[in-house]
file protein_11.txt (compact mmCIF, C-alpha atoms)
# COMPACT_ATOMS: atom_id res chain seq x y z
CA MET G 1 0.00 0.00 0.00
CA GLU G 2 1.24 3.48 -0.86
CA VAL G 3 1.57 6.31 1.65
CA LYS G 4 1.06 9.89 0.51
CA MET G 5 3.27 12.65 1.88
CA ASP G 6 2.25 16.30 1.93
CA LEU G 7 5.26 18.61 2.13
CA VAL G 8 3.73 21.94 3.04
CA SER G 9 5.65 25.17 2.51
CA GLU G 10 6.01 27.79 5.21
CA ASP G 11 4.23 30.32 2.98
CA LYS G 12 1.14 28.14 2.71
CA ILE G 13 1.12 27.49 6.45
CA ASN G 14 1.53 31.18 7.24
CA SER G 15 -1.37 32.08 4.98
CA MET G 16 -3.71 30.07 7.21
CA GLY G 17 -5.26 30.99 10.53
CA SER G 18 -4.33 28.90 13.57
CA MET G 19 -7.49 26.76 13.58
CA GLU G 20 -7.48 26.45 9.79
CA LYS G 21 -3.91 25.21 9.96
CA LEU G 22 -4.71 22.53 12.54
CA ARG G 23 -7.81 21.39 10.64
CA PHE G 24 -5.73 21.12 7.47
CA VAL G 25 -3.14 18.97 9.26
CA LEU G 26 -5.64 16.72 11.02
CA ASP G 27 -7.76 16.17 7.91
CA GLY G 28 -4.63 15.20 6.00
CA VAL G 29 -3.48 12.79 8.71
CA LYS G 30 -6.94 11.24 9.11
CA SER G 31 -6.85 10.53 5.36
CA GLY G 32 -3.70 8.51 6.01
CA ASN G 33 -1.16 11.09 4.82
CA ILE G 34 2.13 12.07 6.39
CA VAL G 35 2.16 15.86 6.70
CA VAL G 36 5.50 17.67 6.85
CA LEU G 37 5.33 21.36 7.70
CA GLU G 38 8.22 23.60 6.78
CA GLY G 39 8.50 26.10 9.60
CA GLY G 40 6.48 23.82 11.86
CA LEU G 41 3.92 24.45 14.58
CA THR G 42 4.40 26.30 17.85
CA SER G 43 4.17 24.24 21.04
CA GLU G 44 0.79 25.92 21.73
CA GLU G 45 -0.48 24.83 18.32
CA GLN G 46 0.85 21.32 18.90
CA MET G 47 -0.99 21.16 22.22
CA LYS G 48 -4.16 22.35 20.50
CA LEU G 49 -3.63 19.69 17.83
CA ILE G 50 -3.43 16.98 20.51
CA GLU G 51 -6.69 18.31 21.97
CA LEU G 52 -8.39 18.26 18.55
CA THR G 53 -7.02 14.79 17.83
CA MET G 54 -8.28 13.35 21.10
CA ALA G 55 -11.77 14.55 20.29
CA GLU G 56 -11.66 12.54 17.06
CA VAL G 57 -10.01 9.30 18.22
CA ASN G 58 -12.12 6.26 17.44
CA ASP G 59 -11.68 2.52 16.75
CA ASP G 60 -10.17 3.21 13.31
CA PHE G 61 -8.17 6.33 14.15
CA PRO G 62 -6.03 5.87 17.29
CA GLY G 63 -4.42 9.29 17.05
CA ILE G 64 -1.30 10.86 15.66
CA GLU G 65 2.45 10.54 15.83
CA MET G 66 4.03 13.96 15.88
CA ASN G 67 7.62 15.09 15.88
CA GLY G 68 9.44 18.33 15.47
CA TYR G 69 12.46 20.26 16.52
CA PRO G 70 12.20 22.58 19.52
CA THR G 71 11.70 26.27 18.78
CA LYS G 72 14.75 28.46 18.43
CA ARG G 73 15.09 31.77 20.21
CA GLY G 74 15.37 34.77 17.93
CA PHE G 75 16.56 38.35 18.44
CA LEU G 76 17.16 39.24 22.13
CA ASN G 77 15.60 35.90 23.05
CA LEU G 78 12.18 37.44 22.40
CA ARG G 79 10.96 35.89 19.18
CA ARG G 80 10.53 32.14 19.02
CA LYS G 81 11.21 30.55 15.68
CA THR G 82 9.46 27.27 15.02
CA ARG G 83 11.10 24.64 12.86
CA LEU G 84 10.00 21.56 10.96
CA THR G 85 7.10 19.44 12.25
CA VAL G 86 6.12 15.98 10.97
CA ILE G 87 2.70 14.55 11.72
CA GLY G 88 1.31 11.17 10.69
CA PRO G 89 -1.34 8.63 11.69
CA ALA G 90 -0.24 6.69 14.78
CA ASN G 91 -0.97 3.38 13.08
CA THR G 92 1.29 4.23 10.13
CA MET G 93 4.17 6.28 11.50
CA ARG G 94 6.47 5.28 14.34
CA THR G 95 9.35 7.29 15.71
CA ILE G 96 12.43 5.23 16.36
CA LYS G 97 14.88 7.95 17.30
CA LYS G 98 14.58 11.58 18.25
CA GLU G 99 17.34 13.95 19.14
CA ASN G 100 17.74 17.69 19.17
CA ASP G 101 18.61 17.82 15.47
CA LEU G 102 17.67 14.39 14.11
CA ILE G 103 14.38 12.54 13.85
CA SER G 104 14.18 8.99 12.48
CA ALA G 105 10.77 7.53 11.79
CA ILE G 106 9.45 4.38 10.15
CA ILE G 107 6.37 4.61 7.95
CA SER G 108 4.63 1.30 7.40
CA ALA G 109 1.27 0.85 5.79
CA THR G 110 -0.49 -2.51 5.79
CA MET V 1 -7.81 53.03 75.12
CA LYS V 2 -5.42 50.14 74.65
CA PRO V 3 -8.05 47.53 73.75
CA LYS V 4 -9.48 49.96 71.19
CA LYS V 5 -6.04 50.32 69.52
CA ARG V 6 -5.60 46.58 69.41
CA GLY V 7 -9.06 46.26 67.85
CA LYS V 8 -8.08 48.72 65.16
CA GLY V 9 -4.92 46.75 64.47
CA ILE V 10 -6.81 43.53 64.06
CA LEU V 11 -9.36 45.22 61.85
CA LEU V 12 -6.62 46.73 59.69
CA ARG V 13 -4.92 43.35 59.36
CA LEU V 14 -8.20 41.71 58.41
CA VAL V 15 -8.87 44.39 55.78
CA MET V 16 -5.32 44.06 54.45
CA ALA V 17 -5.60 40.28 54.42
CA PHE V 18 -8.90 40.53 52.54
CA PHE V 19 -7.60 42.85 49.83
CA PHE V 20 -4.05 41.58 49.55
CA ARG V 21 -4.55 37.89 50.23
CA ARG V 22 -2.41 35.58 48.16
CA LYS V 23 -4.08 33.03 46.03
CA THR V 24 -3.18 29.44 46.86
CA PRO V 25 -1.10 28.24 43.90
CA LYS V 26 -2.44 25.32 41.93
CA ILE V 27 0.36 22.94 41.02
CA GLY V 28 -0.31 20.52 38.20
CA ILE V 29 1.45 17.18 38.06
CA TYR V 30 1.87 16.52 34.36
CA GLY V 31 3.61 13.89 32.31
CA PRO V 32 3.13 10.91 30.02
CA PRO V 33 1.00 7.92 31.08
CA ASN V 34 2.59 5.59 33.64
CA ALA V 35 5.23 8.12 34.75
CA GLY V 36 3.98 7.88 38.35
CA LYS V 37 1.93 11.10 38.63
CA THR V 38 -0.71 9.67 40.97
CA THR V 39 1.97 7.94 43.05
CA LEU V 40 3.67 11.34 43.50
CA ALA V 41 0.37 13.08 44.35
CA ASN V 42 -0.41 10.35 46.90
CA ARG V 43 3.10 10.68 48.35
CA ILE V 44 2.65 14.45 48.84
CA ILE V 45 -0.71 13.95 50.54
CA HIS V 46 0.59 11.13 52.75
CA THR V 47 3.53 13.28 53.84
CA PHE V 48 1.73 16.53 54.57
CA MET V 49 -1.96 15.71 55.05
CA ASP V 50 -3.19 12.24 55.83
CA GLU V 51 -1.31 8.96 55.59
CA ASN V 52 -4.51 7.13 54.73
CA GLU V 53 -5.78 9.46 52.04
CA ASP V 54 -5.19 8.71 48.35
CA ILE V 55 -5.93 11.16 45.56
CA GLY V 56 -6.34 8.26 43.15
CA SER V 57 -5.56 4.63 42.46
CA THR V 58 -2.44 3.44 40.66
CA SER V 59 -1.99 0.62 38.17
CA ASP V 60 0.42 -0.80 35.59
CA VAL V 61 -2.27 -0.35 32.95
CA PRO V 62 -1.74 3.06 31.29
CA HIS V 63 -4.32 5.84 31.72
CA GLU V 64 -5.45 4.67 35.16
CA THR V 65 -6.15 8.35 35.94
CA ARG V 66 -8.75 9.55 33.46
CA ARG V 67 -10.07 12.57 35.34
CA ALA V 68 -8.05 15.44 36.77
CA VAL V 69 -8.34 15.50 40.57
CA ARG V 70 -7.54 18.50 42.76
CA ARG V 71 -6.59 18.26 46.44
CA SER V 72 -6.83 21.69 48.02
CA GLY V 73 -5.00 23.30 50.90
CA ILE V 74 -1.92 21.10 51.27
CA MET V 75 0.51 22.75 53.68
CA VAL V 76 4.02 21.83 52.60
CA ASP V 77 5.82 22.69 55.84
CA LEU V 78 9.32 21.31 55.67
CA LYS V 79 10.37 22.69 59.07
CA SER V 80 7.80 20.79 61.06
CA LYS V 81 7.72 17.66 58.97
CA SER V 82 10.41 15.11 58.55
CA VAL V 83 10.34 13.89 54.98
CA GLN V 84 12.83 11.08 55.31
CA SER V 85 12.82 7.99 53.19
CA PRO V 86 10.36 5.47 54.57
CA ASP V 87 12.49 2.65 53.21
CA PRO V 88 12.91 0.33 56.21
CA ASN V 89 16.38 -0.65 54.98
CA HIS V 90 17.62 2.84 55.81
CA GLY V 91 15.95 3.09 59.18
CA SER V 92 18.61 1.36 61.24
CA ASP V 93 21.55 2.91 59.43
CA PRO V 94 23.03 5.58 61.74
CA GLU V 95 24.85 7.20 58.84
CA SER V 96 21.62 7.76 56.93
CA LYS V 97 20.07 9.36 60.04
CA VAL V 98 22.93 11.84 60.25
CA LYS V 99 22.63 12.52 56.55
CA GLY V 100 18.90 12.97 56.99
CA ARG V 101 19.39 15.64 59.67
CA LYS V 102 21.85 17.51 57.50
CA GLU V 103 19.57 17.38 54.49
CA ARG V 104 16.45 18.44 56.36
CA ALA V 105 14.80 20.89 54.03
CA LYS V 106 13.41 24.31 54.83
CA GLY V 107 10.37 26.02 53.38
CA LYS V 108 6.63 26.46 53.78
CA LEU V 109 3.96 26.66 51.14
CA LYS V 110 0.23 26.12 50.98
CA LEU V 111 -0.80 24.70 47.64
CA ASP V 112 -3.43 22.80 45.73
CA VAL V 113 -2.20 19.72 43.91
CA VAL V 114 -3.86 18.71 40.64
CA ASP V 115 -3.22 15.13 39.55
CA THR V 116 -3.79 15.05 35.80
CA PRO V 117 -4.34 12.23 33.30
CA GLY V 118 -1.29 11.31 31.24
CA LEU V 119 -0.75 13.31 28.06
CA ALA V 120 -0.55 11.31 24.84
CA THR V 121 -0.95 11.86 21.10
CA LYS V 122 -2.46 8.41 20.51
CA ILE V 123 -4.77 6.11 22.44
CA ASP V 124 -5.38 2.72 20.90
CA PHE V 125 -7.84 0.39 22.65
CA HIS V 126 -5.79 -2.60 21.44
CA ASP V 127 -3.00 -1.50 23.82
CA PHE V 128 -5.34 -2.01 26.79
CA MET V 129 -6.36 -5.45 25.54
CA ALA V 130 -2.68 -6.42 25.77
CA TYR V 131 -3.07 -5.91 29.55
CA GLY V 132 -5.93 -8.43 29.64
CA LEU V 133 -8.91 -6.11 29.30
CA GLU V 134 -11.93 -7.31 27.32
CA GLU V 135 -12.57 -5.44 24.05
CA GLU V 136 -15.62 -3.59 25.36
CA GLU V 137 -13.82 -2.54 28.52
CA ALA V 138 -10.72 -1.53 26.53
CA LYS V 139 -12.80 0.67 24.22
CA LYS V 140 -14.51 2.30 27.19
CA ARG V 141 -11.15 2.97 28.83
CA ALA V 142 -9.76 4.42 25.58
CA LYS V 143 -12.75 6.76 25.26
CA GLU V 144 -12.36 7.94 28.85
CA ALA V 145 -8.61 8.33 28.36
CA THR V 146 -9.10 10.66 25.36
CA GLU V 147 -11.45 12.78 27.47
CA GLY V 148 -8.83 12.77 30.23
CA VAL V 149 -6.14 14.11 27.90
CA ILE V 150 -8.43 16.95 26.83
CA GLU V 151 -9.20 17.71 30.48
CA ALA V 152 -5.50 17.78 31.37
CA ILE V 153 -4.84 20.27 28.55
CA LYS V 154 -7.76 22.49 29.63
CA TRP V 155 -6.38 22.54 33.18
CA LEU V 156 -3.20 24.20 31.94
CA ASP V 157 -5.11 27.52 31.80
CA ASP V 158 -5.67 27.40 35.58
CA ILE V 159 -2.30 26.06 36.69
CA ASP V 160 0.27 28.27 38.48
CA GLY V 161 3.17 25.81 38.38
CA VAL V 162 3.96 22.43 36.89
CA VAL V 163 5.83 19.41 38.16
CA LEU V 164 6.62 17.56 34.94
CA LEU V 165 7.16 13.93 35.83
CA MET V 166 9.20 11.73 33.54
CA ASP V 167 10.01 8.05 33.82
CA ALA V 168 13.80 7.91 34.25
CA THR V 169 13.89 4.45 32.63
CA GLU V 170 12.36 5.75 29.38
CA ASP V 171 13.62 7.98 26.57
CA PRO V 172 12.71 11.50 27.79
CA TYR V 173 12.92 13.23 24.43
CA THR V 174 9.31 12.62 23.42
CA GLN V 175 7.18 15.15 21.65
CA THR V 176 4.65 15.39 24.50
CA ASN V 177 7.44 16.29 26.95
CA VAL V 178 8.80 18.87 24.49
CA ILE V 179 5.29 20.31 23.99
CA ILE V 180 4.55 20.63 27.72
CA ILE V 181 7.86 22.38 28.33
CA GLY V 182 7.35 24.67 25.31
CA ASN V 183 3.88 25.62 26.51
CA MET V 184 5.04 26.39 30.03
CA GLU V 185 7.91 28.51 28.72
CA ALA V 186 5.52 30.43 26.45
CA ARG V 187 3.13 31.06 29.34
CA GLY V 188 5.91 31.91 31.77
CA THR V 189 4.68 29.22 34.18
CA PRO V 190 7.37 27.85 36.52
CA ILE V 191 8.26 24.24 35.91
CA ILE V 192 10.22 21.56 37.77
CA ILE V 193 11.14 18.34 36.03
CA ALA V 194 11.18 15.29 38.29
CA ALA V 195 12.99 12.21 37.00
CA ASN V 196 10.92 9.48 38.65
CA LYS V 197 11.61 5.77 39.31
CA VAL V 198 15.31 6.23 40.17
CA ASP V 199 14.96 3.20 42.46
CA LEU V 200 14.91 0.99 39.35
CA ALA V 201 18.19 -0.47 38.09
CA ASP V 202 17.85 0.86 34.53
CA ALA V 203 16.96 4.40 35.57
CA ALA V 204 19.12 7.07 33.93
CA PRO V 205 18.09 10.54 35.17
CA GLU V 206 21.15 12.05 33.45
CA ARG V 207 19.44 11.37 30.10
CA ILE V 208 16.66 13.74 31.17
CA MET V 209 19.22 16.30 32.36
CA ASN V 210 20.98 16.11 28.98
CA ALA V 211 17.73 16.36 27.03
CA PHE V 212 16.49 19.46 28.90
CA PRO V 213 19.61 21.25 30.15
CA GLN V 214 17.79 24.58 30.53
CA HIS V 215 15.58 23.17 33.32
CA LEU V 216 16.16 21.90 36.81
CA VAL V 217 15.81 18.12 36.96
CA ILE V 218 15.38 16.41 40.32
CA PRO V 219 15.83 12.63 40.46
CA ILE V 220 13.21 11.05 42.74
CA SER V 221 11.42 7.85 43.52
CA ALA V 222 7.84 8.76 44.40
CA LEU V 223 7.14 5.12 45.26
CA LYS V 224 10.07 4.68 47.65
CA GLY V 225 10.17 8.30 48.82
CA GLU V 226 13.75 8.91 47.68
CA ASN V 227 15.02 12.50 47.42
CA MET V 228 11.53 13.89 48.01
CA GLU V 229 12.80 16.60 50.38
CA LYS V 230 14.76 18.15 47.52
CA LEU V 231 11.64 18.22 45.35
CA TYR V 232 9.53 19.76 48.15
CA GLU V 233 12.19 22.37 48.81
CA GLU V 234 12.25 23.38 45.14
CA MET V 235 8.45 23.43 45.03
CA ALA V 236 8.39 25.78 48.02
CA ARG V 237 11.06 27.97 46.43
CA ARG V 238 9.63 28.16 42.90
CA PHE V 239 5.90 28.02 43.46
CA GLY V 240 5.65 29.96 46.69
call {"tool": "encode", "arguments": {"input": "protein_11.txt", "output": "structure tokens"}}
result
Amino acid sequence: MEVKMDLVSEDKINSMGSMEKLRFVLDGVKSGNIVVLEGGLTSEEQMKLIELTMAEVNDDFPGIEMNGYPTKRGFLNLRRKTRLTVIGPANTMRTIKKENDLISAIISAT
Amino acid sequence: MKPKKRGKGILLRLVMAFFFRRKTPKIGIYGPPNAGKTTLANRIIHTFMDENEDIGSTSDVPHETRRAVRRSGIMVDLKSKSVQSPDPNHGSDPESKVKGRKERAKGKLKLDVVDTPGLATKIDFHDFMAYGLEEEEAKKRAKEATEGVIEAIKWLDDIDGVVLLMDATEDPYTQTNVIIIGNMEARGTPIIIAANKVDLADAAPERIMNAFPQHLVIPISALKGENMEKLYEEMARRFG
């Protein structure tokens, strides 16, 4: 079985509102896609995504696997810069290694 | 005249106390499932409130806590309370008693403790069936667990400080741990990381220290009561 990957540019993500962004991600993941966001999600958005996901967990959709690099501090430590975030269905994607600058994941579809 | 003056003083203090009273901080115990959150909450209550009172039950099956539970008005008074290890093996050791006196912590803080359900990005009912639960029961538990995660996230809006509990035998660099820390940093909420289960042979609290070097990490065993005085002291210092 094939697995579709959506590689979403930072420009597209930035053009969306916060809720629109999360809906876009979750709809993609629920369709079985792996969604890779250039620029990533903030930790607040990731928390909101967990909340949204939990409301939609059922027998066929156990939830999501999510990974990303921690935010970087910008000028004068004031601005937080988000980095790449990868989100996939929990029954398809499995993280095997995660470090500060390296994420290894296995994607297996049955 | 004197009694009248004293009356005024009391009245003034009451008025001041009414207008300038400090809110009791609500401390959330957060972390992934099976990190030992309820064991820690029970330990705090046993030490400072009532030895026979439990905030919740514990189990090896993940998501045993599926509702956030608050215990109000816990007086963490380290001067009046000895918080030594209850491990009977240490009781007769004179050296440990001396060490215990030296390490006796100082601090006082009244707080509310909120024991929260474990945070997770996935909840699969099949995982519960692996622990021997029937399918119907596993599905019910999974449903309740998802509601528990949502509840734990909602509670973050009302929390004044977080004890983030991690299992020292597990890889700490999970996305849920990163997300909790990121959220607390963004909100400016004080956070203490407790590396739990250090009584186990494969515990490696230094992995947690290396993963989150910007935060204080305190190795503890909530089950055995090891190094709890250090955690209480930091709680009094940071959340008070």
call {"tool": "closest_atom_pairs", "arguments": {"input": "protein_11.txt", "of": "chain G", "to": "chain V", "cutoff": "12 Å", "atoms": "all atoms listed in the file", "output": "CSV"}}
result
residue,atom,partner,partner_atom,distance
G:Leu41,CA,V:Ile179,CA,10.4
G:Thr42,CA,V:Gly182,CA,8.2
G:Ser43,CA,V:Ile179,CA,5.0
G:Glu44,CA,V:Asn183,CA,5.7
G:Glu45,CA,V:Ile179,CA,9.3
G:Gln46,CA,V:Ile179,CA,6.8
G:Met47,CA,V:Ile179,CA,6.6
G:Lys48,CA,V:Ile153,CA,8.3
G:Leu49,CA,V:Thr121,CA,8.9
G:Ile50,CA,V:Thr121,CA,5.7
G:Glu51,CA,V:Ile150,CA,5.3
G:Leu52,CA,V:Ile150,CA,8.4
G:Thr53,CA,V:Thr121,CA,7.5
G:Met54,CA,V:Thr146,CA,5.1
G:Ala55,CA,V:Thr146,CA,6.9
G:Glu56,CA,V:Thr146,CA,8.9
G:Val57,CA,V:Thr146,CA,7.3
G:Asn58,CA,V:Lys143,CA,7.9
G:Asp59,CA,V:Phe125,CA,7.4
G:Asp60,CA,V:Asp124,CA,9.0
G:Phe61,CA,V:Asp124,CA,8.1
G:Pro62,CA,V:Asp124,CA,4.8
G:Gly63,CA,V:Lys122,CA,4.1
G:Ile64,CA,V:Thr121,CA,5.5
G:Glu65,CA,V:Thr121,CA,6.4
G:Met66,CA,V:Gln175,CA,6.7
G:Asn67,CA,V:Gln175,CA,5.8
G:Gly68,CA,V:Gln175,CA,7.3
G:Tyr69,CA,V:Val178,CA,8.9
G:Pro70,CA,V:Val178,CA,7.1
G:Thr71,CA,V:Gly182,CA,8.0
G:Lys72,CA,V:Gly182,CA,10.8
G:Arg73,CA,V:Ala186,CA,11.5
G:Asn77,CA,V:Ala186,CA,12.0
G:Leu78,CA,V:Ala186,CA,10.5
G:Arg79,CA,V:Ala186,CA,10.6
G:Arg80,CA,V:Ala186,CA,9.1
G:Lys81,CA,V:Gly182,CA,11.9
G:Thr82,CA,V:Gly182,CA,10.8
G:Thr85,CA,V:Gln175,CA,10.3
G:Val86,CA,V:Gln175,CA,10.8
G:Ile87,CA,V:Thr121,CA,10.4
G:Gly88,CA,V:Thr121,CA,10.7
G:Pro89,CA,V:Lys122,CA,8.9
G:Ala90,CA,V:Lys122,CA,6.4
G:Asn91,CA,V:Asp124,CA,9.0
G:Thr92,CA,V:Lys122,CA,11.8
G:Met93,CA,V:Lys122,CA,11.4
G:Arg94,CA,V:Lys122,CA,11.3
G:Thr95,CA,V:Thr174,CA,9.4
G:Ile96,CA,V:Asp171,CA,10.6
G:Lys97,CA,V:Tyr173,CA,9.1
G:Lys98,CA,V:Tyr173,CA,6.6
G:Glu99,CA,V:Tyr173,CA,6.9
G:Asn100,CA,V:Ala211,CA,8.0
G:Asp101,CA,V:Tyr173,CA,11.6
G:Leu102,CA,V:Tyr173,CA,11.4
G:Ile103,CA,V:Tyr173,CA,10.7
call {"tool": "residues_around", "arguments": {"input": "protein_11.txt", "residues": "V:Gly240", "least_positions_apart": "2", "cutoff": "10 Å", "atoms": "all atoms listed in the file", "output": "number ranges by chain"}}
result
V: 22, 24-25, 107-111, 160-161, 234-238
call {"tool": "atom_distance", "arguments": {"input": "protein_11.txt", "atom1": "atom CA of V:Gly188", "atom2": "atom CA of V:Asp167"}}
result
24.3 Å
call {"tool": "atom_distance", "arguments": {"input": "protein_11.txt", "atom1": "atom CA of V:Ala68", "atom2": "atom CA of V:Pro117"}}
result
6.0 Å
call {"tool": "closest_residue", "arguments": {"input": "protein_11.txt", "among": "G:Ile106, G:Lys4, G:Leu84, G:Ser15", "to": "G:Lys30", "atoms": "all atoms listed in the file"}}
result
G:Lys4
call {"tool": "atom_distance", "arguments": {"input": "protein_11.txt", "atom1": "atom CA of G:Ser104", "atom2": "atom CA of V:Ile191"}}
result
28.6 Å
call {"tool": "axis_aligned_box", "arguments": {"input": "protein_11.txt", "around": "stretch 173-190 of chain V", "padding_each_side": "6 Å", "output": "lines of an AutoDock Vina configuration file"}}
result
center_x = 8.0
center_y = 22.3
center_z = 29.1
size_x = 21.8
size_y = 31.3
size_z = 26.9
call {"tool": "residues_around", "arguments": {"input": "protein_11.txt", "residues": "G:Asp6", "least_positions_apart": "2", "cutoff": "9 Å", "atoms": "all atoms listed in the file", "output": "PyMOL selection string"}}
result
chain G and resi 4+8+28+33-37
call {"tool": "closest_residue", "arguments": {"input": "protein_11.txt", "among": "V:Val114, V:Met209, V:Leu12, V:Ala168", "to": "V:Ala41", "atoms": "all atoms listed in the file"}}
result
V:Val114
